[in-house]
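Below: my_file39.cif (mmCIF, C-alpha atoms)
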```
data_structure
#
loop_
_atom_site.group_PDB
_atom_site.id
_atom_site.type_symbol
_atom_site.label_atom_id
_atom_site.label_comp_id
_atom_site.auth_asym_id
_atom_site.auth_seq_id
_atom_site.Cartn_x
_atom_site.Cartn_y
_atom_site.Cartn_z
ATOM 1 C CA MET A 343 89.911 62.938 103.470
ATOM 2 C CA LYS A 344 91.874 65.272 105.655
ATOM 3 C CA ILE A 345 94.798 67.178 104.182
ATOM 4 C CA SER A 346 96.868 70.081 105.442
ATOM 5 C CA VAL A 347 96.943 73.263 103.359
ATOM 6 C CA ASN A 348 99.220 76.062 104.558
ATOM 7 C CA GLY A 349 99.208 74.647 108.071
ATOM 8 C CA GLU A 350 95.416 74.287 108.284
ATOM 9 C CA GLU A 351 93.628 70.985 108.307
ATOM 10 C CA VAL A 352 90.944 70.870 105.602
ATOM 11 C CA LEU A 353 88.443 68.284 104.420
ATOM 12 C CA ALA A 354 88.718 67.639 100.683
ATOM 13 C CA GLN A 355 86.480 65.612 98.373
ATOM 14 C CA GLU A 356 88.275 62.814 96.566
ATOM 15 C CA PRO A 357 89.561 62.692 93.945
ATOM 16 C CA VAL A 358 91.166 66.100 93.736
ATOM 17 C CA SER A 359 94.348 67.106 91.968
ATOM 18 C CA ILE A 360 96.587 69.928 93.092
ATOM 19 C CA ALA A 361 95.643 71.890 89.951
ATOM 20 C CA THR A 362 91.940 71.612 90.856
ATOM 21 C CA LEU A 363 92.515 72.669 94.446
ATOM 22 C CA ILE A 364 94.468 75.733 93.254
ATOM 23 C CA SER A 365 91.674 76.754 90.895
ATOM 24 C CA GLN A 366 88.950 76.109 93.527
ATOM 25 C CA ARG A 367 90.763 78.560 95.776
ATOM 26 C CA LYS A 368 90.860 81.134 92.955
ATOM 27 C CA ILE A 369 94.634 81.344 93.183
ATOM 28 C CA ASN A 370 96.611 82.627 90.186
ATOM 29 C CA PRO A 371 98.702 79.542 89.352
ATOM 30 C CA ALA A 372 101.421 81.625 87.700
ATOM 31 C CA ALA A 373 102.105 83.472 90.953
ATOM 32 C CA VAL A 374 102.600 80.574 93.343
ATOM 33 C CA VAL A 375 104.914 77.738 94.242
ATOM 34 C CA VAL A 376 103.597 74.511 95.703
ATOM 35 C CA GLU A 377 105.431 72.412 98.234
ATOM 36 C CA TYR A 378 103.932 68.923 98.296
ATOM 37 C CA ASN A 379 104.842 66.860 101.361
ATOM 38 C CA GLY A 380 107.899 69.022 101.933
ATOM 39 C CA ALA A 381 109.295 69.141 98.397
ATOM 40 C CA ILE A 382 108.760 71.708 95.647
ATOM 41 C CA LEU A 383 106.447 70.302 92.977
ATOM 42 C CA ALA A 384 106.830 71.665 89.437
ATOM 43 C CA CYS A 385 103.602 73.159 88.075
ATOM 44 C CA CYS A 386 103.575 70.706 85.169
ATOM 45 C CA ASP A 387 102.936 67.965 87.759
ATOM 46 C CA TRP A 388 99.993 69.646 89.494
ATOM 47 C CA GLU A 389 97.382 68.186 87.154
ATOM 48 C CA LYS A 390 98.488 64.592 87.543
ATOM 49 C CA THR A 391 99.083 64.722 91.297
ATOM 50 C CA GLU A 392 95.996 63.475 93.153
ATOM 51 C CA LEU A 393 95.895 64.351 96.834
ATOM 52 C CA LYS A 394 95.812 61.551 99.396
ATOM 53 C CA GLU A 395 94.823 61.353 103.063
ATOM 54 C CA SER A 396 97.277 63.281 105.335
ATOM 55 C CA ASP A 397 99.065 65.040 102.472
ATOM 56 C CA THR A 398 100.664 68.358 103.293
ATOM 57 C CA LEU A 399 100.511 71.256 100.884
ATOM 58 C CA GLU A 400 102.100 74.687 101.097
ATOM 59 C CA ILE A 401 101.022 77.311 98.588
ATOM 60 C CA ILE A 402 103.447 80.227 98.580
ATOM 61 C CA SER A 403 103.765 83.499 96.699
ATOM 62 C CA PHE A 404 105.889 86.653 96.672
ATOM 63 C CA VAL A 405 104.859 89.558 98.871
ATOM 64 C CA GLY A 406 106.457 92.887 99.658
ATOM 65 C CA GLY A 407 109.405 92.531 102.000
ATOM 66 C CA GLY A 408 112.642 94.198 103.015
ATOM 67 C CA MET B 814 135.239 109.215 87.080
ATOM 68 C CA GLU B 815 133.851 105.742 86.712
ATOM 69 C CA ASP B 816 132.407 104.426 89.940
ATOM 70 C CA LYS B 817 130.508 101.252 89.266
ATOM 71 C CA LEU B 818 129.011 98.982 91.884
ATOM 72 C CA VAL B 819 129.637 95.388 90.880
ATOM 73 C CA ILE B 820 128.410 92.468 92.967
ATOM 74 C CA ALA B 821 129.005 88.888 91.826
ATOM 75 C CA GLY B 822 130.080 90.216 88.441
ATOM 76 C CA GLN B 823 126.873 92.179 87.901
ATOM 77 C CA HIS B 824 126.764 95.925 87.540
ATOM 78 C CA ILE B 825 124.151 97.427 89.857
ATOM 79 C CA ARG B 826 123.131 100.825 88.580
ATOM 80 C CA SER B 827 122.136 102.390 91.905
ATOM 81 C CA ARG B 828 123.695 102.181 95.346
ATOM 82 C CA PHE B 829 120.249 102.637 96.838
ATOM 83 C CA PHE B 830 118.516 99.286 97.340
ATOM 84 C CA LEU B 831 114.818 99.331 98.188
ATOM 85 C CA GLY B 832 112.696 96.833 100.094
ATOM 86 C CA THR B 833 109.099 96.413 98.950
ATOM 87 C CA GLY B 834 107.347 95.697 102.263
ATOM 88 C CA LYS B 835 104.749 97.863 104.020
ATOM 89 C CA PHE B 836 103.804 100.078 101.039
ATOM 90 C CA ALA B 837 100.135 101.107 101.043
ATOM 91 C CA SER B 838 99.776 99.701 97.525
ATOM 92 C CA TYR B 839 101.838 98.057 94.820
ATOM 93 C CA GLU B 840 101.306 101.164 92.661
ATOM 94 C CA ILE B 841 102.988 103.400 95.245
ATOM 95 C CA MET B 842 105.774 100.855 95.639
ATOM 96 C CA ARG B 843 106.355 100.931 91.898
ATOM 97 C CA GLU B 844 106.436 104.724 91.818
ATOM 98 C CA ALA B 845 108.938 104.754 94.687
ATOM 99 C CA ILE B 846 111.215 102.316 92.876
ATOM 100 C CA ILE B 847 111.107 104.439 89.734
ATOM 101 C CA ALA B 848 111.552 107.759 91.583
ATOM 102 C CA SER B 849 114.600 106.467 93.452
ATOM 103 C CA GLY B 850 116.208 104.780 90.476
ATOM 104 C CA ALA B 851 116.711 101.650 92.602
ATOM 105 C CA HIS B 852 117.960 98.774 90.473
ATOM 106 C CA LEU B 853 117.981 96.110 93.190
ATOM 107 C CA VAL B 854 114.775 95.475 95.128
ATOM 108 C CA THR B 855 113.900 92.862 97.717
ATOM 109 C CA VAL B 856 110.745 90.770 98.072
ATOM 110 C CA ALA B 857 109.626 88.161 100.615
ATOM 111 C CA LEU B 858 107.640 84.916 100.468
ATOM 112 C CA ARG B 859 104.510 84.043 102.400
ATOM 113 C CA ARG B 860 101.733 81.483 102.415
ATOM 114 C CA VAL B 861 98.795 82.378 100.187
ATOM 115 C CA ASP B 862 95.640 82.867 102.248
ATOM 116 C CA ALA B 863 92.199 84.383 101.784
ATOM 117 C CA GLN B 864 93.615 87.822 102.634
ATOM 118 C CA SER B 865 96.455 87.585 100.119
ATOM 119 C CA LYS B 866 96.435 90.076 97.288
ATOM 120 C CA SER B 867 95.445 88.352 94.081
ATOM 121 C CA GLU B 868 97.876 90.510 92.132
ATOM 122 C CA ASN B 869 101.430 89.380 91.598
ATOM 123 C CA ILE B 870 103.897 91.870 93.091
ATOM 124 C CA LEU B 871 106.378 91.019 90.337
ATOM 125 C CA ASP B 872 104.037 92.662 87.833
ATOM 126 C CA TYR B 873 104.632 95.975 89.606
ATOM 127 C CA ILE B 874 108.408 95.817 89.755
ATOM 128 C CA PRO B 875 109.973 97.646 86.782
ATOM 129 C CA GLN B 876 111.467 95.396 84.136
ATOM 130 C CA GLY B 877 115.205 95.029 84.391
ATOM 131 C CA SER B 878 115.232 95.238 88.200
ATOM 132 C CA ILE B 879 117.349 92.777 90.136
ATOM 133 C CA ILE B 880 114.907 91.011 92.450
ATOM 134 C CA MET B 881 116.422 89.599 95.605
ATOM 135 C CA VAL B 882 114.434 87.224 97.791
ATOM 136 C CA ASN B 883 114.593 87.980 101.473
ATOM 137 C CA THR B 884 114.359 84.878 103.644
ATOM 138 C CA SER B 885 112.445 86.859 106.278
ATOM 139 C CA GLY B 886 110.410 84.612 108.507
ATOM 140 C CA ALA B 887 113.247 82.090 108.731
ATOM 141 C CA ARG B 888 114.236 81.229 112.312
ATOM 142 C CA ASN B 889 117.175 79.005 111.400
ATOM 143 C CA ALA B 890 119.462 78.065 108.504
ATOM 144 C CA ASP B 891 117.245 75.251 107.205
ATOM 145 C CA GLU B 892 114.220 77.521 106.899
ATOM 146 C CA ALA B 893 116.315 80.177 105.124
ATOM 147 C CA ILE B 894 117.635 77.600 102.653
ATOM 148 C CA ARG B 895 114.110 76.361 101.980
ATOM 149 C CA ILE B 896 112.807 79.888 101.336
ATOM 150 C CA ALA B 897 115.717 80.669 98.994
ATOM 151 C CA ARG B 898 114.993 77.589 96.907
ATOM 152 C CA ILE B 899 111.283 78.406 96.696
ATOM 153 C CA GLY B 900 112.132 81.939 95.559
ATOM 154 C CA LYS B 901 114.303 80.575 92.791
ATOM 155 C CA THR B 902 111.489 78.260 91.645
ATOM 156 C CA LEU B 903 109.150 81.251 91.485
ATOM 157 C CA GLY B 904 111.428 82.761 88.884
ATOM 158 C CA CYS B 905 113.285 85.220 91.018
ATOM 159 C CA GLY B 906 116.798 84.342 89.908
ATOM 160 C CA ASN B 907 119.785 83.667 92.116
ATOM 161 C CA TRP B 908 119.869 86.673 94.405
ATOM 162 C CA VAL B 909 119.076 85.970 98.026
ATOM 163 C CA LYS B 910 119.201 88.057 101.163
ATOM 164 C CA ILE B 911 119.651 85.710 104.068
ATOM 165 C CA GLU B 912 117.772 86.973 107.073
ATOM 166 C CA VAL B 913 117.579 84.574 110.001
ATOM 167 C CA ILE B 914 115.831 86.054 113.008
ATOM 168 C CA PRO B 915 114.982 84.054 116.103
ATOM 169 C CA ASP B 916 113.979 87.098 118.176
ATOM 170 C CA ASN B 917 110.812 89.126 117.631
ATOM 171 C CA LYS B 918 111.488 91.978 120.017
ATOM 172 C CA TYR B 919 114.648 93.441 118.511
ATOM 173 C CA LEU B 920 114.690 91.489 115.226
ATOM 174 C CA LEU B 921 118.413 90.897 115.553
ATOM 175 C CA PRO B 922 119.881 88.300 113.206
ATOM 176 C CA ASP B 923 121.446 84.983 114.209
ATOM 177 C CA ASN B 924 124.921 85.200 112.665
ATOM 178 C CA ALA B 925 125.806 81.524 113.249
ATOM 179 C CA GLN B 926 122.723 80.244 111.414
ATOM 180 C CA THR B 927 123.250 82.869 108.718
ATOM 181 C CA ILE B 928 126.779 81.581 108.091
ATOM 182 C CA LYS B 929 125.460 78.026 107.815
ATOM 183 C CA ALA B 930 122.812 79.019 105.261
ATOM 184 C CA THR B 931 125.332 81.105 103.301
ATOM 185 C CA GLU B 932 127.649 78.144 102.944
ATOM 186 C CA VAL B 933 124.932 75.868 101.536
ATOM 187 C CA LEU B 934 123.335 78.414 99.204
ATOM 188 C CA ALA B 935 126.619 79.797 97.818
ATOM 189 C CA LYS B 936 127.577 76.241 96.861
ATOM 190 C CA GLU B 937 124.243 75.896 95.042
ATOM 191 C CA GLY B 938 125.087 78.939 92.938
ATOM 192 C CA PHE B 939 123.043 81.579 94.745
ATOM 193 C CA ILE B 940 124.363 85.136 95.002
ATOM 194 C CA VAL B 941 124.195 85.382 98.764
ATOM 195 C CA MET B 942 123.828 88.685 100.591
ATOM 196 C CA PRO B 943 123.613 87.980 104.308
ATOM 197 C CA TYR B 944 122.013 90.381 106.785
ATOM 198 C CA MET B 945 124.133 90.338 109.935
ATOM 199 C CA SER B 946 125.027 91.883 113.260
ATOM 200 C CA PRO B 947 128.285 93.783 112.707
ATOM 201 C CA ASP B 948 130.869 91.345 114.059
ATOM 202 C CA LEU B 949 134.273 91.116 112.381
ATOM 203 C CA ALA B 950 134.934 87.411 112.991
ATOM 204 C CA ASP B 951 131.494 86.512 111.661
ATOM 205 C CA ALA B 952 131.944 88.804 108.653
ATOM 206 C CA ARG B 953 135.125 86.881 107.821
ATOM 207 C CA ARG B 954 133.259 83.592 108.208
ATOM 208 C CA LEU B 955 130.546 84.840 105.837
ATOM 209 C CA ARG B 956 133.159 85.918 103.310
ATOM 210 C CA ASP B 957 134.836 82.517 103.528
ATOM 211 C CA ALA B 958 131.459 80.782 103.204
ATOM 212 C CA GLY B 959 130.968 82.445 99.817
ATOM 213 C CA ALA B 960 128.920 85.582 100.517
ATOM 214 C CA ALA B 961 128.852 88.038 97.605
ATOM 215 C CA SER B 962 128.557 90.967 99.998
ATOM 216 C CA ILE B 963 127.802 91.461 103.658
ATOM 217 C CA MET B 964 124.870 93.473 104.951
ATOM 218 C CA PRO B 965 125.399 94.614 108.543
ATOM 219 C CA LEU B 966 122.641 96.490 110.340
ATOM 220 C CA GLY B 967 122.989 100.156 111.287
ATOM 221 C CA SER B 968 120.447 99.731 114.095
ATOM 222 C CA PRO B 969 117.504 97.343 114.575
ATOM 223 C CA ILE B 970 115.033 96.945 111.702
ATOM 224 C CA GLY B 971 112.418 99.667 111.430
ATOM 225 C CA THR B 972 113.787 101.819 114.261
ATOM 226 C CA ASN B 973 114.950 104.728 112.052
ATOM 227 C CA LYS B 974 117.848 105.270 114.487
ATOM 228 C CA GLY B 975 120.598 105.378 111.858
ATOM 229 C CA LEU B 976 124.145 104.131 112.251
ATOM 230 C CA LYS B 977 124.265 103.350 115.977
ATOM 231 C CA VAL B 978 127.116 100.900 115.409
ATOM 232 C CA LEU B 979 129.153 103.316 113.323
ATOM 233 C CA GLU B 980 132.582 102.319 114.654
ATOM 234 C CA LEU B 981 131.917 98.619 114.020
ATOM 235 C CA LEU B 982 130.708 99.350 110.487
ATOM 236 C CA LYS B 983 133.915 101.265 109.760
ATOM 237 C CA ILE B 984 135.941 98.250 110.873
ATOM 238 C CA LEU B 985 133.973 95.888 108.605
ATOM 239 C CA ILE B 986 134.398 98.234 105.644
ATOM 240 C CA GLU B 987 138.131 98.443 106.320
ATOM 241 C CA GLU B 988 138.715 94.738 106.841
ATOM 242 C CA ILE B 989 136.276 92.898 104.583
ATOM 243 C CA LYS B 990 137.119 93.265 100.941
ATOM 244 C CA LEU B 991 133.576 92.611 99.804
ATOM 245 C CA PRO B 992 130.886 95.203 99.123
ATOM 246 C CA VAL B 993 129.384 96.251 102.474
ATOM 247 C CA VAL B 994 125.713 97.199 102.293
ATOM 248 C CA ILE B 995 124.215 98.884 105.351
ATOM 249 C CA ASP B 996 120.857 97.274 105.889
ATOM 250 C CA ALA B 997 118.317 98.183 108.553
ATOM 251 C CA GLY B 998 117.821 101.167 110.795
ATOM 252 C CA ILE B 999 118.305 103.853 108.170
ATOM 253 C CA GLY B 1000 115.592 106.425 108.832
ATOM 254 C CA ARG B 1001 116.510 109.630 107.028
ATOM 255 C CA PRO B 1002 118.542 110.923 104.084
ATOM 256 C CA SER B 1003 121.414 112.019 106.336
ATOM 257 C CA HIS B 1004 121.833 108.407 107.527
ATOM 258 C CA CYS B 1005 122.214 107.343 103.889
ATOM 259 C CA ALA B 1006 124.813 110.008 103.271
ATOM 260 C CA GLU B 1007 126.720 109.040 106.407
ATOM 261 C CA ALA B 1008 126.723 105.358 105.403
ATOM 262 C CA MET B 1009 128.165 106.225 102.017
ATOM 263 C CA GLU B 1010 130.707 108.725 103.374
ATOM 264 C CA ILE B 1011 132.340 106.018 105.500
ATOM 265 C CA GLY B 1012 132.768 103.847 102.397
ATOM 266 C CA SER B 1013 129.761 101.535 102.337
ATOM 267 C CA SER B 1014 129.029 100.215 98.874
ATOM 268 C CA ALA B 1015 125.262 100.661 99.147
ATOM 269 C CA VAL B 1016 122.345 100.927 101.564
ATOM 270 C CA LEU B 1017 119.144 98.917 101.757
ATOM 271 C CA VAL B 1018 116.076 100.756 103.051
ATOM 272 C CA ASN B 1019 112.458 99.716 103.400
ATOM 273 C CA THR B 1020 110.423 100.863 106.412
ATOM 274 C CA ALA B 1021 111.521 104.502 106.398
ATOM 275 C CA VAL B 1022 110.467 104.892 102.772
ATOM 276 C CA ALA B 1023 107.340 102.740 102.737
ATOM 277 C CA THR B 1024 105.842 104.258 105.896
ATOM 278 C CA ALA B 1025 106.713 107.902 105.175
ATOM 279 C CA LYS B 1026 103.905 110.375 104.513
ATOM 280 C CA ASP B 1027 105.080 110.595 100.914
ATOM 281 C CA PRO B 1028 107.000 107.409 100.089
ATOM 282 C CA VAL B 1029 107.806 108.449 96.522
ATOM 283 C CA LEU B 1030 109.422 111.735 97.582
ATOM 284 C CA THR B 1031 111.215 109.985 100.440
ATOM 285 C CA ALA B 1032 112.644 107.362 98.092
ATOM 286 C CA ARG B 1033 114.030 110.082 95.883
ATOM 287 C CA ALA B 1034 115.483 112.020 98.833
ATOM 288 C CA PHE B 1035 117.225 108.896 100.123
ATOM 289 C CA ALA B 1036 118.638 108.024 96.711
ATOM 290 C CA LEU B 1037 120.008 111.551 96.261
ATOM 291 C CA ALA B 1038 121.628 111.384 99.704
ATOM 292 C CA VAL B 1039 123.229 108.063 98.776
ATOM 293 C CA GLU B 1040 124.662 109.646 95.663
ATOM 294 C CA ALA B 1041 125.902 112.721 97.543
ATOM 295 C CA GLY B 1042 127.519 110.617 100.261
ATOM 296 C CA ARG B 1043 129.203 108.400 97.718
ATOM 297 C CA LEU B 1044 130.580 111.394 95.801
ATOM 298 C CA GLY B 1045 131.949 112.741 99.079
ATOM 299 C CA TYR B 1046 133.658 109.433 99.798
ATOM 300 C CA CYS B 1047 135.153 109.233 96.311
ATOM 301 C CA ALA B 1048 136.299 112.852 96.547
ATOM 302 C CA GLY B 1049 138.428 111.987 99.601
ATOM 303 C CA LEU B 1050 136.937 113.957 102.486
ATOM 304 C CA LYS B 1051 139.377 115.268 105.103
ATOM 305 C CA PRO B 1052 139.069 113.847 108.614
ATOM 306 C CA GLU B 1053 137.797 115.827 111.602
ATOM 307 C CA GLN B 1054 140.378 117.662 113.743
ATOM 308 C CA GLU B 1055 140.304 119.288 117.179
ATOM 309 C CA CYS B 1056 141.761 122.725 116.386
ATOM 310 C CA ALA B 1057 140.492 125.333 113.986
ATOM 311 C CA GLU B 1058 142.182 125.903 110.668
ATOM 312 C CA ALA B 1059 141.649 129.236 108.892
ATOM 313 C CA SER B 1060 140.230 129.055 105.403
ATOM 314 C CA SER B 1061 141.405 132.574 104.477
ATOM 315 C CA PRO B 1062 145.137 133.383 104.116
ATOM 316 C CA LEU B 1063 146.908 134.151 107.413
ATOM 317 C CA THR B 1064 149.166 136.760 105.776
ATOM 318 C CA GLY B 1065 148.701 140.252 104.346
ATOM 319 C CA PHE B 1066 146.206 141.396 107.017
ATOM 320 C CA LEU B 1067 144.913 144.994 106.607
ATOM 321 C CA ARG B 1068 146.089 146.262 109.978
#
```

For this file, write the structure as structure tokens.
Amino acid sequence: MKISVNGEEVLAQEPVSIATLISQRKINPAAVVVEYNGAILACCDWEKTELKESDTLEIISFVGGG
Amino acid sequence: MEDKLVIAGQHIRSRFFLGTGKFASYEIMREAIIASGAHLVTVALRRVDAQSKSENILDYIPQGSIIMVNTSGARNADEAIRIARIGKTLGCGNWVKIEVIPDNKYLLPDNAQTIKATEVLAKEGFIVMPYMSPDLADARRLRDAGAASIMPLGSPIGTNKGLKVLELLKILIEEIKLPVVIDAGIGRPSHCAEAMEIGSSAVLVNTAVATAKDPVLTARAFALAVEAGRLGYCAGLKPEQECAEASSPLTGFLR
């Protein structure tokens, strides 16, 4: 299935939860926020949220900034 | 003399605010924060990509700091509101610097969109510190929209040109009974001192410190200048005058 992650279209193997995708990308889950189809998704829901065709995901973290 | 800076009911221990962008490493950033004594620091939010640092910047910010999310990257009010909410979810608290910039050449803020975002976020309980072009009518609108302070620019971001809009800043400080924080354009310690001498409540600096040859020393120099300028303001400096005025007595000359 095709999903969008941080504005890029990617092919993902089904089934895949948001928690799995985060760990596959070697991202520190404590340091990021996930927006799932435009709304912030609490981290306790990452495990049970399976991605579907055309889903949009934004993975965001703090960086230095003025 | 007690001279506390209080914004939204919170005591901020230093009038020198430091941005965390552009430092060569998080370690140097941390040292600069400590050397300057900055209590309020800003951070930004970005998408995580393959080039992202795996470390969490928050781990390098001294405990007890007030961390304010900058909505940099927002081109309109809706994007700024979205970024502020994400920052809060990431555990950053309620402090937000609204920065709405539709123009990449001069990085000048969009006051109208900034006012709109301020209104929404203040109602949601955020402590809103809007970055703005120094316009009196807009400053009043921001105050009425619930801003906790206003943050007019001294000159465009990263230019190191200092207080090019000095006369407008003086008017805002005189008319807006909220803390005025000069944000952007401050390039050297003397700019910090000047900002404080005219009665600003604080300054926010990033580029000039982070890109200096020695950022840690620069941070300290800027913080000292902020303190000196503030003391001068509190002491009640005399205004400039055209004619000379002798400092020695004009009587009892040995003639």

I'd like the interatomic distance between CA of Glu392 (chain A) and CA of Asn379 (chain A), to a tenth of an Å. 12.5 Å

Could you write out as a PyMOL selection string the residues that the PyMOL selection byres ((chain A) within 7 of (chain B)) matches in the shown file? chain A and resi 348+373-375+400-408

One decimal, in Å: what's the spacing between CA of Val993 (chain B) and CA of Asp1027 (chain B)? 28.3 Å

The PyMOL selection byres ((chain B and resi 938) around 12) applied to the shown file, residues as a list in words: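 For this structure, the PyMOL selection byres ((chain B and resi 938) around 12) captures Ala821, Ala897, Arg898, Lys901, Gly906, Asn907, Trp908, Val909, Thr931, Glu932, Val933, Leu934, Ala935, Lys936, Glu937, Phe939, Ile940, Val941, Gly959, Ala960 and Ala961 of chain B.
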
So which residues are close to (129.4, 90.4, 100.6), meaning at most 6 Å away in the file's coordinates with all atoms listed in the file counted, and can you show them as a PDB file with C-alpha atoms, keeping the file's coordinate frame?
```
ATOM      1  CA  MET B 942     123.828  88.685 100.591  1.00  0.00           C
ATOM      2  CA  ALA B 960     128.920  85.582 100.517  1.00  0.00           C
ATOM      3  CA  ALA B 961     128.852  88.038  97.605  1.00  0.00           C
ATOM      4  CA  SER B 962     128.557  90.967  99.998  1.00  0.00           C
ATOM      5  CA  ILE B 963     127.802  91.461 103.658  1.00  0.00           C
ATOM      6  CA  LEU B 991     133.576  92.611  99.804  1.00  0.00           C
ATOM      7  CA  PRO B 992     130.886  95.203  99.123  1.00  0.00           C
TER       8      PRO B 992
END
```

Shortest interatomic distance to Ile880 (chain B) - which of B:Leu853, B:Ala1015, B:Ala1032, B:Val978, counting all atoms listed in the file: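 Closest to Ile880 (chain B), using all atoms listed in the file: B:Leu853.
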
Taking the file as shown, what set of residues would the PyMOL selection byres ((chain B and resi 1012) around 12) give back, as a PyMOL selection string? chain B and resi 828+979+982-995+1005-1011+1013-1016+1039+1042-1050

What does the structure give for the distance between CA of Ile879 (chain B) and CA of Ile820 (chain B), in Å to one decimal? 11.4 Å

From the set B:Lys977, B:Glu840, B:Ile825, B:Arg1033, which residue has the shortest atom-to-atom contact distance to Gly877 (chain B), counting only C-alpha atoms?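 Selected residue with least distance to Gly877 (chain B): B:Ile825.
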